[in-house]
$ cat model_23.txt   # compact mmCIF, C-alpha atoms and all ligand atoms
# COMPACT_ATOMS: atom_id res chain seq x y z
CA MET A 1372 8.49 -37.66 0.99
CA SER A 1373 6.01 -35.94 3.32
CA ILE A 1374 4.70 -32.49 2.46
CA GLU A 1375 6.63 -31.01 5.41
CA ASP A 1376 9.85 -32.49 4.04
CA LYS A 1377 9.08 -31.03 0.63
CA TRP A 1378 8.59 -27.54 2.08
CA ALA A 1379 11.73 -27.92 4.17
CA ARG A 1380 13.74 -28.84 1.08
CA SER A 1381 12.30 -25.89 -0.82
CA GLU A 1382 13.11 -23.54 2.03
CA ALA A 1383 16.68 -24.77 2.24
CA TYR A 1384 16.97 -24.11 -1.47
CA LEU A 1385 15.52 -20.61 -1.12
CA LYS A 1386 17.81 -19.85 1.79
CA ASN A 1387 20.82 -20.72 -0.35
CA LEU A 1388 19.59 -18.47 -3.14
CA PHE A 1389 18.98 -15.61 -0.71
CA ARG A 1390 22.45 -16.10 0.75
CA LYS A 1391 24.00 -15.93 -2.70
CA TYR A 1392 22.05 -12.74 -3.39
CA TYR A 1393 23.41 -11.11 -0.23
CA GLN A 1394 26.93 -12.30 -1.02
CA GLU A 1395 26.80 -10.71 -4.45
CA ASN A 1396 24.67 -7.59 -3.96
CA ARG A 1397 25.29 -4.64 -1.68
CA VAL A 1398 22.18 -3.58 0.21
CA ASN A 1399 21.37 0.11 0.67
CA PRO A 1400 21.53 0.74 4.41
CA PRO A 1401 19.16 3.33 5.89
CA SER A 1402 20.58 6.73 6.84
CA SER A 1403 22.14 6.84 10.33
CA ILE A 1404 22.30 3.04 10.35
CA GLU A 1405 23.85 3.00 13.84
CA LYS A 1406 20.65 4.50 15.30
CA ARG A 1407 18.25 2.02 13.72
CA GLU A 1408 16.77 -1.08 15.22
CA PHE A 1409 16.82 -4.10 12.89
CA GLY A 1410 14.58 -7.14 12.79
CA PHE A 1411 14.72 -10.33 10.72
CA MET A 1412 12.70 -13.40 9.92
CA PHE A 1413 14.17 -16.71 8.84
CA PHE A 1414 13.12 -19.58 6.62
CA GLY A 1415 11.27 -22.27 8.55
CA SER A 1416 10.14 -19.92 11.32
CA GLN A 1417 7.33 -17.46 11.92
CA ASN A 1418 9.18 -15.53 14.61
CA MET A 1419 10.88 -12.20 14.22
CA MET A 1420 14.29 -11.64 15.72
CA ARG A 1421 14.45 -7.96 16.63
CA HIS A 1422 16.27 -5.41 18.80
CA LEU A 1423 19.42 -5.85 16.73
CA SER A 1424 21.68 -3.02 15.63
CA PHE A 1425 24.64 -2.57 13.30
CA PRO A 1426 27.38 0.02 13.55
CA ASP A 1427 27.87 0.25 9.78
CA ALA A 1428 26.82 -1.05 6.38
CA GLU A 1429 29.56 -3.72 6.30
CA SER A 1430 28.41 -5.44 9.47
CA LEU A 1431 24.82 -5.48 8.21
CA GLN A 1432 25.97 -6.97 4.91
CA ARG A 1433 27.97 -9.68 6.71
CA PHE A 1434 24.95 -10.59 8.83
CA LEU A 1435 22.71 -10.87 5.74
CA ALA A 1436 25.19 -13.01 3.84
CA PHE A 1437 25.83 -15.25 6.86
CA ARG A 1438 22.28 -15.73 8.16
CA ALA A 1439 20.37 -15.33 4.86
CA PRO A 1440 17.12 -14.12 6.47
CA SER A 1441 13.83 -14.55 4.61
CA ASN A 1442 12.78 -10.97 5.49
CA ALA A 1443 14.72 -7.94 6.74
CA PHE A 1444 13.38 -4.83 8.47
CA HIS A 1445 14.68 -1.67 10.10
CA SER A 1446 13.04 0.89 12.34
CA ALA A 1447 11.72 4.06 10.78
CA ALA A 1448 12.82 5.53 14.13
CA TYR A 1449 16.23 6.63 15.36
CA TYR A 1450 17.32 5.54 18.85
CA ALA A 1451 20.25 6.27 21.12
CA ARG A 1452 20.30 2.56 22.02
CA PRO A 1453 18.58 0.70 19.17
CA ASP A 1454 19.60 -2.71 20.52
CA ALA A 1455 18.07 -2.25 23.98
CA ALA A 1456 15.67 -5.13 24.62
CA ARG A 1457 12.83 -2.94 25.89
CA MET A 1458 11.28 -0.16 23.82
CA ASP A 1459 11.44 2.35 26.69
CA GLU A 1460 15.16 1.75 27.09
CA LYS A 1461 15.98 2.52 23.48
CA ILE A 1462 15.63 6.30 23.90
CA TRP A 1463 13.63 7.49 20.90
CA GLU A 1464 15.26 10.38 19.01
CA GLY A 1465 12.90 10.81 16.07
CA CYS A 1466 11.33 8.91 13.23
CA ASP A 1467 11.09 9.14 9.47
CA LEU A 1468 7.61 9.74 8.13
CA VAL A 1469 6.61 6.54 6.38
CA PHE A 1470 3.61 5.52 4.31
CA ASP A 1471 2.42 2.16 3.18
CA ILE A 1472 0.11 1.64 0.23
CA ASP A 1473 -0.82 -1.99 -0.06
CA ALA A 1474 -3.27 -3.90 -2.22
CA ASP A 1475 -4.42 -5.52 1.05
CA HIS A 1476 -6.16 -2.25 1.86
CA LEU A 1477 -7.42 -1.36 -1.60
CA LYS A 1478 -10.75 -2.41 -3.00
CA THR A 1479 -9.78 -4.23 -6.16
CA PRO A 1480 -12.39 -6.52 -7.70
CA CYS A 1481 -9.76 -9.05 -8.81
CA LYS A 1482 -9.03 -10.06 -5.19
CA GLU A 1483 -12.14 -12.23 -5.31
CA MET A 1484 -10.41 -14.19 -8.03
CA HIS A 1485 -6.92 -14.57 -6.59
CA ASP A 1486 -7.17 -14.32 -2.79
CA LYS A 1487 -8.52 -16.90 -0.38
CA TRP A 1488 -8.78 -17.22 3.36
CA ALA A 1489 -9.53 -19.99 5.82
CA CYS A 1490 -10.34 -19.80 9.53
CA GLN A 1491 -7.91 -21.91 11.53
CA SER A 1492 -10.44 -22.42 14.34
CA CYS A 1493 -13.57 -23.61 12.54
CA GLY A 1494 -12.52 -24.24 8.96
CA GLN A 1495 -14.81 -21.61 7.42
CA SER A 1496 -13.29 -20.26 4.22
CA GLY A 1497 -13.96 -17.67 1.54
CA VAL A 1498 -12.57 -15.70 -1.36
CA GLY A 1499 -11.20 -12.15 -1.42
CA GLY A 1500 -9.32 -10.32 1.34
CA LYS A 1501 -9.44 -11.99 4.74
CA PRO A 1502 -12.03 -10.64 7.22
CA GLU A 1503 -10.85 -9.22 10.53
CA LYS A 1504 -12.88 -11.85 12.35
CA CYS A 1505 -14.21 -15.14 11.13
CA PRO A 1506 -17.88 -14.51 10.20
CA SER A 1507 -18.74 -17.98 11.44
CA CYS A 1508 -16.95 -18.35 14.80
CA GLY A 1509 -15.50 -14.90 15.43
CA GLY A 1510 -11.99 -16.31 15.61
CA GLN A 1511 -9.07 -14.14 14.56
CA ASN A 1512 -6.64 -16.84 13.59
CA ILE A 1513 -7.25 -16.66 9.87
CA ASP A 1514 -4.92 -18.02 7.26
CA GLU A 1515 -4.76 -16.30 3.90
CA LYS A 1516 -3.37 -17.12 0.51
CA THR A 1517 -2.85 -13.94 -1.45
CA TRP A 1518 -1.50 -13.44 -4.91
CA LEU A 1519 0.18 -10.39 -6.36
CA CYS A 1520 -1.54 -9.44 -9.56
CA GLU A 1521 -0.96 -6.76 -12.15
CA THR A 1522 -4.25 -4.98 -11.53
CA CYS A 1523 -3.69 -4.80 -7.77
CA LEU A 1524 -0.15 -3.49 -8.21
CA GLU A 1525 -1.20 -0.98 -10.85
CA THR A 1526 -3.96 0.30 -8.54
CA ALA A 1527 -1.45 0.59 -5.71
CA LYS A 1528 0.95 2.48 -7.96
CA ASN A 1529 -1.71 4.98 -8.97
CA GLU A 1530 -2.47 5.58 -5.30
CA LEU A 1531 1.24 5.98 -4.66
CA ILE A 1532 1.65 8.58 -7.40
CA LYS A 1533 -1.32 10.47 -5.99
CA LEU A 1534 0.16 10.39 -2.49
CA VAL A 1535 3.58 11.60 -3.61
CA GLU A 1536 2.58 14.19 -6.20
CA ASP A 1537 -0.68 15.60 -4.83
CA TYR A 1538 -0.14 15.36 -1.09
CA LEU A 1539 3.53 15.15 -0.17
CA ILE A 1540 4.98 17.45 -2.81
CA THR A 1541 2.09 19.79 -3.68
CA ASP A 1542 0.15 20.11 -0.41
CA PHE A 1543 2.90 19.56 2.18
CA GLY A 1544 5.76 21.10 0.21
CA ILE A 1545 8.14 18.23 0.92
CA SER A 1546 11.05 18.39 -1.47
CA MET A 1547 11.62 15.56 -3.92
CA ASP A 1548 15.05 14.69 -2.56
CA GLU A 1549 13.58 13.98 0.88
CA ILE A 1550 11.19 11.38 -0.54
CA ARG A 1551 12.20 7.81 -1.21
CA VAL A 1552 9.80 5.38 -2.83
CA VAL A 1553 10.28 1.65 -2.52
CA PHE A 1554 8.36 -1.26 -4.05
CA SER A 1555 7.58 -3.48 -1.06
CA GLY A 1556 8.50 -6.67 -2.86
CA HIS A 1557 4.96 -7.97 -2.56
CA ARG A 1558 1.67 -6.13 -3.02
CA GLY A 1559 2.48 -2.48 -2.52
CA TYR A 1560 4.79 0.45 -2.07
CA HIS A 1561 6.43 2.26 0.82
CA VAL A 1562 7.33 5.91 1.00
CA HIS A 1563 10.11 7.06 3.35
CA VAL A 1564 10.31 10.77 4.04
CA THR A 1565 13.52 11.74 5.78
CA SER A 1566 13.36 15.38 6.78
CA ASP A 1567 14.67 17.19 9.85
CA THR A 1568 11.45 19.17 10.14
CA LEU A 1569 9.31 16.02 10.39
CA LEU A 1570 11.55 13.82 12.53
CA ASP A 1571 10.11 14.58 15.93
CA LEU A 1572 6.41 14.54 15.05
CA ASP A 1573 4.62 12.42 17.64
CA GLN A 1574 1.82 9.92 16.99
CA ASN A 1575 -0.87 12.60 17.24
CA ALA A 1576 0.81 14.82 14.69
CA ARG A 1577 1.20 11.84 12.36
CA ARG A 1578 -2.49 11.02 12.85
CA GLU A 1579 -3.32 14.56 11.73
CA ILE A 1580 -1.31 13.96 8.56
CA ILE A 1581 -3.17 10.69 7.95
CA ASP A 1582 -6.54 12.40 8.50
CA TYR A 1583 -5.60 15.16 6.08
CA ILE A 1584 -4.58 12.69 3.40
CA LYS A 1585 -7.70 10.56 3.84
CA GLY A 1586 -9.96 13.59 4.19
CA VAL A 1587 -11.20 12.39 7.59
CA GLY A 1588 -13.49 14.92 9.31
CA LEU A 1589 -13.48 17.19 6.30
CA GLU A 1590 -16.28 19.77 6.60
CA PRO A 1591 -17.34 21.20 3.23
CA ARG A 1592 -18.39 24.53 4.79
CA TYR A 1593 -14.80 25.13 5.94
CA HIS A 1594 -13.79 24.69 2.32
CA GLY A 1595 -16.10 27.36 1.09
CA LEU A 1596 -19.33 25.48 0.40
CA VAL A 1597 -21.95 27.93 1.68
CA GLU A 1598 -25.41 29.21 1.03
CA VAL A 1599 -25.40 32.98 0.71
CA ARG A 1600 -28.22 35.47 0.49
CA GLU A 1601 -28.02 37.70 -2.55
CA GLU A 1602 -30.75 40.32 -2.72
CA ARG A 1603 -33.95 38.29 -2.63
CA SER A 1604 -32.63 34.83 -3.53
CA LYS A 1605 -30.36 32.30 -1.93
CA ILE A 1606 -27.39 31.08 -3.92
CA ILE A 1607 -24.77 28.39 -3.24
CA ARG A 1608 -21.11 29.12 -3.65
CA GLY A 1609 -18.30 26.63 -3.25
CA PRO A 1610 -14.67 25.90 -4.00
CA ARG A 1611 -13.32 26.23 -7.57
CA VAL A 1612 -11.41 23.57 -9.42
CA ASP A 1613 -8.24 25.67 -9.66
CA GLU A 1614 -7.92 26.12 -5.88
CA GLU A 1615 -5.12 24.39 -4.01
CA GLY A 1616 -5.31 21.50 -1.56
CA TRP A 1617 -8.58 19.85 -0.70
CA ARG A 1618 -10.70 22.65 -2.23
CA GLY A 1619 -9.75 21.91 -5.82
CA ARG A 1620 -9.59 18.20 -5.03
CA LEU A 1621 -13.16 18.30 -3.71
CA VAL A 1622 -14.46 19.88 -6.87
CA LYS A 1623 -12.71 17.29 -9.02
CA GLY A 1624 -13.96 14.51 -6.77
CA VAL A 1625 -17.57 15.68 -6.85
CA ILE A 1626 -17.48 16.07 -10.64
CA GLU A 1627 -16.01 12.58 -10.99
CA THR A 1628 -18.64 11.17 -8.66
CA ILE A 1629 -21.45 12.73 -10.67
CA GLN A 1630 -19.95 11.69 -14.00
CA LEU A 1631 -19.75 8.05 -12.86
CA MET A 1632 -23.23 8.02 -11.35
CA ASP A 1633 -26.24 6.80 -13.31
CA GLU A 1634 -29.58 5.13 -12.70
CA SER A 1635 -27.91 1.79 -12.01
CA ASN A 1636 -25.78 3.01 -9.12
CA ILE A 1637 -27.58 6.06 -7.78
CA PRO A 1638 -27.59 6.01 -3.96
CA GLN A 1639 -30.93 4.83 -2.64
CA GLU A 1640 -31.09 7.43 0.12
CA ARG A 1641 -34.72 8.56 -0.05
CA LYS A 1642 -34.19 12.16 0.95
CA ILE A 1643 -31.79 13.06 -1.83
CA LYS A 1644 -32.39 10.48 -4.50
CA ASN A 1645 -34.55 12.77 -6.62
CA THR A 1646 -32.21 15.69 -6.11
CA LEU A 1647 -29.28 13.61 -7.36
CA ARG A 1648 -31.37 12.50 -10.30
CA SER A 1649 -31.87 16.08 -11.39
CA LEU A 1650 -28.08 16.56 -11.41
CA LEU A 1651 -27.59 13.61 -13.75
CA LYS A 1652 -29.75 15.12 -16.47
CA ASP A 1653 -27.08 17.47 -17.76
CA LYS A 1654 -23.79 16.32 -16.25
CA ASN A 1655 -21.62 18.51 -18.44
CA ARG A 1656 -23.40 21.72 -17.53
CA VAL A 1657 -23.10 20.77 -13.85
CA GLU A 1658 -19.40 20.12 -14.34
CA ALA A 1659 -18.75 23.46 -16.02
CA SER A 1660 -20.60 25.31 -13.31
CA LEU A 1661 -18.85 23.58 -10.38
CA LYS A 1662 -15.46 24.28 -11.90
CA GLU A 1663 -16.25 27.99 -11.61
CA GLY A 1664 -17.31 27.68 -7.98
CA ILE A 1665 -21.00 28.09 -8.77
CA TRP A 1666 -22.72 25.26 -6.91
CA ASP A 1667 -26.31 25.81 -7.96
CA PRO A 1668 -26.39 24.80 -11.59
CA VAL A 1669 -29.71 23.06 -11.03
CA ARG A 1670 -32.64 24.54 -9.15
CA GLY A 1671 -33.61 22.69 -5.99
CA VAL A 1672 -30.23 21.11 -5.23
CA GLY A 1673 -29.47 22.29 -1.71
CA VAL A 1674 -26.36 22.28 0.42
CA GLU A 1675 -27.28 18.94 2.05
CA ALA A 1676 -27.18 17.19 -1.32
CA TRP A 1677 -23.77 18.65 -2.04
CA GLU A 1678 -22.50 17.65 1.38
CA TYR A 1679 -23.65 14.14 0.66
CA LEU A 1680 -21.81 14.15 -2.67
CA VAL A 1681 -18.71 15.55 -0.98
CA ARG A 1682 -18.70 12.58 1.38
CA LEU A 1683 -18.80 10.19 -1.58
CA ALA A 1684 -16.10 12.22 -3.32
CA VAL A 1685 -13.78 12.16 -0.30
CA GLU A 1686 -14.08 8.41 -0.18
CA ARG A 1687 -13.20 8.25 -3.86
CA VAL A 1688 -10.27 10.67 -3.99
CA GLY A 1689 -8.86 10.56 -0.45
CA GLY A 1690 -5.45 8.88 -0.06
CA LYS A 1691 -5.56 5.13 0.57
CA ILE A 1692 -2.79 4.68 3.09
CA ASP A 1693 -2.40 2.05 5.79
CA GLU A 1694 -2.81 4.09 8.96
CA PRO A 1695 -0.83 2.12 11.59
CA VAL A 1696 2.33 2.20 9.50
CA THR A 1697 2.37 6.00 9.46
CA ALA A 1698 1.11 6.55 12.99
CA ASP A 1699 3.34 4.06 14.82
CA VAL A 1700 6.67 5.75 15.50
CA ARG A 1701 8.32 2.50 16.64
CA ARG A 1702 7.42 0.29 13.75
CA LEU A 1703 9.82 -1.71 11.61
CA ILE A 1704 9.72 -1.34 7.85
CA ARG A 1705 11.28 -3.46 5.13
CA LEU A 1706 14.92 -2.82 4.38
CA PRO A 1707 15.16 -1.43 0.84
CA THR A 1708 17.16 -3.68 -1.53
CA SER A 1709 16.63 -6.72 0.72
CA LEU A 1710 14.55 -9.65 -0.53
CA HIS A 1711 10.91 -10.32 0.28
CA GLY A 1712 10.39 -13.85 1.62
CA LYS A 1713 6.90 -14.21 0.16
CA THR A 1714 8.04 -13.54 -3.42
CA GLY A 1715 11.81 -13.53 -3.73
CA PHE A 1716 11.40 -10.09 -5.30
CA LYS A 1717 13.67 -7.24 -4.40
CA VAL A 1718 12.36 -4.55 -2.05
CA CYS A 1719 13.15 -2.21 -4.85
CA PRO A 1720 13.83 1.55 -4.63
CA VAL A 1721 12.08 3.44 -7.44
CA PRO A 1722 13.40 6.85 -8.53
CA LEU A 1723 10.55 9.39 -8.45
CA ARG A 1724 10.98 10.18 -12.12
CA GLU A 1725 10.51 6.52 -13.02
CA LEU A 1726 7.37 5.86 -10.98
CA SER A 1727 5.00 5.61 -13.91
CA SER A 1728 7.25 3.30 -15.92
CA PHE A 1729 8.24 1.09 -12.98
CA ASP A 1730 7.24 -2.53 -13.57
CA PRO A 1731 7.60 -4.72 -10.46
CA PHE A 1732 7.41 -7.91 -12.55
CA LYS A 1733 10.48 -6.76 -14.43
CA HIS A 1734 12.50 -4.32 -12.34
CA ALA A 1735 12.28 -6.08 -8.96
CA LEU A 1736 13.62 -9.45 -10.10
CA ALA A 1737 16.64 -10.67 -8.19
CA PHE A 1738 17.62 -13.98 -9.78
CA LYS A 1739 18.90 -15.33 -13.08
CA GLY A 1740 18.79 -18.86 -14.47
CA ASP A 1741 16.19 -21.64 -14.76
CA THR A 1742 14.95 -24.49 -12.64
CA THR A 1743 12.23 -27.12 -12.58
CA VAL A 1744 9.61 -27.15 -9.84
CA HIS A 1745 6.43 -29.08 -9.15
CA VAL A 1746 3.58 -26.59 -9.14
CA GLU A 1747 0.53 -27.54 -7.07
CA GLU A 1748 -1.59 -24.64 -8.25
CA ALA A 1749 -0.86 -21.19 -9.63
CA PRO A 1750 -2.83 -18.61 -11.61
CA ARG A 1751 -1.48 -17.08 -14.81
CA PHE A 1752 1.28 -14.56 -14.14
CA ARG A 1753 3.97 -12.61 -15.92
CA ILE A 1754 7.69 -12.37 -15.26
CA GLY A 1755 9.56 -9.91 -17.45
CA GLU A 1756 8.02 -10.14 -20.91
CA GLU A 1757 6.86 -13.71 -20.55
CA GLU A 1758 3.58 -15.15 -19.28
CA PHE A 1759 3.30 -18.41 -17.34
CA GLY A 1760 0.51 -20.69 -16.17
CA PRO A 1761 -2.06 -21.29 -15.03
CA PHE A 1762 -0.59 -24.49 -13.60
CA LYS A 1763 -2.09 -27.37 -11.70
CA ASN A 1764 -0.18 -30.39 -10.40
CA GLU A 1765 2.58 -30.37 -12.96
CA ASP A 1766 6.33 -30.21 -13.31
CA VAL A 1767 7.43 -27.01 -15.04
CA GLU A 1768 10.77 -25.60 -16.04
CA LEU A 1769 10.74 -21.90 -15.23
CA PRO A 1770 13.06 -18.90 -15.14
CA LEU A 1771 14.43 -18.66 -11.62
CA PRO A 1772 12.43 -15.54 -10.56
CA ALA A 1773 9.19 -17.31 -11.53
CA ALA A 1774 10.18 -20.55 -9.78
CA VAL A 1775 11.27 -18.66 -6.66
CA LEU A 1776 7.98 -16.73 -6.59
CA LEU A 1777 6.00 -19.99 -6.63
CA LEU A 1778 8.27 -21.61 -4.02
CA CYS A 1779 7.98 -18.57 -1.74
CA LYS A 1780 4.21 -18.57 -2.16
CA ARG A 1781 4.17 -22.32 -1.37
CA ALA A 1782 2.39 -22.82 -4.66
CA ALA A 1783 5.20 -25.13 -5.76
CA TYR A 1784 7.95 -27.24 -4.28
CA LEU A 1785 11.35 -28.30 -5.45
CA LYS A 1786 11.53 -31.31 -7.75
ZN ZN B 1801 -14.03 -19.55 12.28
ZN ZN B 1802 -5.61 -8.25 -8.11
$ encode --input "model_23.txt" --output "structure tokens"
Amino acid sequence: MSIEDKWARSEAYLKNLFRKYYQENRVNPPSSIEKREFGFMFFGSQNMMRHLSFPDAESLQRFLAFRAPSNAFHSAAYYARPDAARMDEKIWEGCDLVFDIDADHLKTPCKEMHDKWACQSCGQSGVGGKPEKCPSCGGQNIDEKTWLCETCLETAKNELIKLVEDYLITDFGISMDEIRVVFSGHRGYHVHVTSDTLLDLDQNARREIIDYIKGVGLEPRYHGLVEVREERSKIIRGPRVDEEGWRGRLVKGVIETIQLMDESNIPQERKIKNTLRSLLKDKNRVEASLKEGIWDPVRGVGVEAWEYLVRLAVERVGGKIDEPVTADVRRLIRLPTSLHGKTGFKVCPVPLRELSSFDPFKHALAFKGDTTVHVEEAPRFRIGEEEFGPFKNEDVELPLPAAVLLLCKRAAYLK
């Protein structure tokens, strides 16, 4: 049997499983379903079928059970005519505020171990996240093989908790019942905010929100970091740790940055290297002083050095969100409770109170049973409480969620 035939058989098998899932499980439709555009992908094809709409949850469910798509999406936006073929004919009426936190955009060291890419034009390949352009030929047609790993997902979850608790709830005052968190089914999380007051924000307004969360363009002097003259000496005052918003966050970030800095990783910038060095001599005294808003714990450390540290701190503590997802008011986002075609995992809603205990390798599983597959290559991974692999060129009997994951990843094919 040729390799294409093997994939085709595996895909037919997956399609049947997905169909069964949609026959037996009700999906959660988005609010105002009749105003949403839907899009789907299917096994054996790379194309997206979009500009579809459904009058109610039942018709959506029938479609899913009948067509068994590999991936299902809906618009974050509301339209008067969601099924119009051209975007300008849909008549935009507003859009949920959505965020995407994905391991693709996080710097996790483990990616070098489990992700690979290959340029389709010249054959150049490498490990880690795929580059925007091929470093060898500049081509953009780059194939990637990514894996979802515990470290990546844990990092994404910590970013998610920060986004929800520190920014959305604390800084923006969005109420908890307007926030819905969803595990993406692959390497990250989505946040849907459905609130009348945010619906009609345009792209520029959403860009402002992104910039705030990332700390883009943040000027320390507008957050209270100033040099003031007091009698005959100059002193530096700055934000205190107990202040709200970015002020307190800045202090924490700068303290963290200093605490983690030592001779081995001190920035090599000539102008401030020695100044930074003097701060490292008594980190705890520096920390105590900054917390109180007194930013000259060490003689000779001027405002420029602090501004430099603030830049490092913003990079460390700023929110790590995928900008286009939030800024684009016409984008499609995965349908919660549908299945993800790259994993067979459920695009799984997570109650806010259960964020820290949510375990994607346990709570997002959609299938029960066992099956035997031929695994070409797979790293070690966990499903539920059990660990599997690593595998190389072998037949393995696996619980269905594990087998489906490998089939979806094209790391295995059906026996
Ligand atoms: Zn290339
Ligand atoms: Zn990882």
$ residues_near_ligand --input "model_23.txt" --ligand "ligand ZN 1801 (chain B)" --cutoff "9 Å" --atoms "only C-alpha atoms and all ligand atoms" --output "list in words"
Ala1489, Cys1490, Gln1491, Ser1492, Cys1493, Gly1494, Gln1495, Ser1496, Lys1504, Cys1505, Pro1506, Ser1507, Cys1508, Gly1509, Gly1510, Gln1511, Asn1512 and Ile1513 of chain A
$ residues_near_ligand --input "model_23.txt" --ligand "ligand ZN 1802 (chain B)" --cutoff "9 Å" --atoms "only C-alpha atoms and all ligand atoms" --output "MDAnalysis selection string"
chainID A and resid 1474 1479:1486 1518:1526
$ closest_residue --input "model_23.txt" --among "A:Cys1466, A:Ile1665, A:Val1696, A:Ala1735" --to "A:Val1597" --atoms "only C-alpha atoms"
A:Ile1665
$ residues_around --input "model_23.txt" --residues "A:Gln1630" --least-positions-apart "4" --cutoff "8 Å" --atoms "all atoms listed in the file" --output "list in words"
Ile1626, Leu1651 and Lys1654 of chain A
$ atom_distance --input "model_23.txt" --atom1 "atom CA of A:Ala1576" --atom2 "atom CA of A:Leu1539"
15.1 Å
$ closest_residue --input "model_23.txt" --among "A:Asp1667, A:Glu1464, A:Glu1408, A:Asp1427" --to "A:His1445" --atoms "only C-alpha atoms"
A:Glu1408
$ residues_around --input "model_23.txt" --residues "A:Val1767" --least-positions-apart "6" --cutoff "9 Å" --atoms "all atoms listed in the file" --output "PyMOL selection string"
chain A and resi 1742-1746+1774
$ atom_distance --input "model_23.txt" --atom1 "atom CA of A:Arg1687" --atom2 "atom CA of A:Tyr1583"
14.3 Å
$ closest_residue --input "model_23.txt" --among "A:Ile1606, A:Ala1443, A:Leu1785, A:Ala1698" --to "A:Asn1575" --atoms "all atoms listed in the file"
A:Ala1698
$ atom_distance --input "model_23.txt" --atom1 "atom CA of A:Asn1529" --atom2 "atom CA of A:Thr1541"
16.2 Å
$ closest_residue --input "model_23.txt" --among "A:Ser1381, A:Ser1402, A:Ser1424, A:Ser1373" --to "A:Lys1786" --atoms "all atoms listed in the file"
A:Ser1381
$ residues_around --input "model_23.txt" --residues "A:Phe1729" --least-positions-apart "4" --cutoff "12 Å" --atoms "all atoms listed in the file" --output "JSON, numbers by chain"
{"A": [1524, 1525, 1528, 1529, 1531, 1532, 1552, 1553, 1554, 1560, 1719, 1720, 1721, 1722, 1723, 1724, 1725, 1733, 1734, 1735, 1755]}
$ closest_residue --input "model_23.txt" --among "A:Glu1614, A:Leu1680, A:Leu1621, A:Thr1565" --to "A:Thr1646" --atoms "all atoms listed in the file"
A:Leu1680
$ decode --input "model_23.txt" --residues "stretch 1703-1714 of chain A" --atoms "N, CA and C atoms" --output "tab-separated table (two decimals), in the first residue's frame"
chain	number	residue	atom	x	y	z
A	1703	LEU	N	-12.12	34.16	11.87
A	1703	LEU	CA	-12.84	33.00	12.38
A	1703	LEU	C	-12.04	32.38	13.52
A	1704	ILE	N	-12.76	31.87	14.51
A	1704	ILE	CA	-12.10	31.25	15.65
A	1704	ILE	C	-12.73	29.87	15.87
A	1705	ARG	N	-11.98	28.97	16.46
A	1705	ARG	CA	-12.49	27.61	16.62
A	1705	ARG	C	-13.78	27.54	17.42
A	1706	LEU	N	-14.66	26.70	16.95
A	1706	LEU	CA	-15.94	26.48	17.63
A	1706	LEU	C	-15.70	25.69	18.91
A	1707	PRO	N	-15.99	26.29	20.07
A	1707	PRO	CA	-15.84	25.53	21.32
A	1707	PRO	C	-16.66	24.24	21.28
A	1708	THR	N	-16.11	23.20	21.86
A	1708	THR	CA	-16.67	21.84	21.93
A	1708	THR	C	-16.65	21.09	20.60
A	1709	SER	N	-16.06	21.70	19.55
A	1709	SER	CA	-15.81	20.92	18.33
A	1709	SER	C	-14.49	20.18	18.52
A	1710	LEU	N	-14.08	19.41	17.51
A	1710	LEU	CA	-12.83	18.66	17.62
A	1710	LEU	C	-11.74	19.34	16.80
A	1711	HIS	N	-10.51	19.23	17.27
A	1711	HIS	CA	-9.37	19.79	16.56
A	1711	HIS	C	-8.75	18.72	15.66
A	1712	GLY	N	-8.68	18.99	14.37
A	1712	GLY	CA	-8.21	17.99	13.41
A	1712	GLY	C	-6.74	17.64	13.49
A	1713	LYS	N	-5.95	18.41	14.23
A	1713	LYS	CA	-4.53	18.07	14.36
A	1713	LYS	C	-4.26	17.22	15.58
A	1714	THR	N	-5.29	17.01	16.43
A	1714	THR	CA	-5.08	16.23	17.66
A	1714	THR	C	-6.23	15.27	17.98
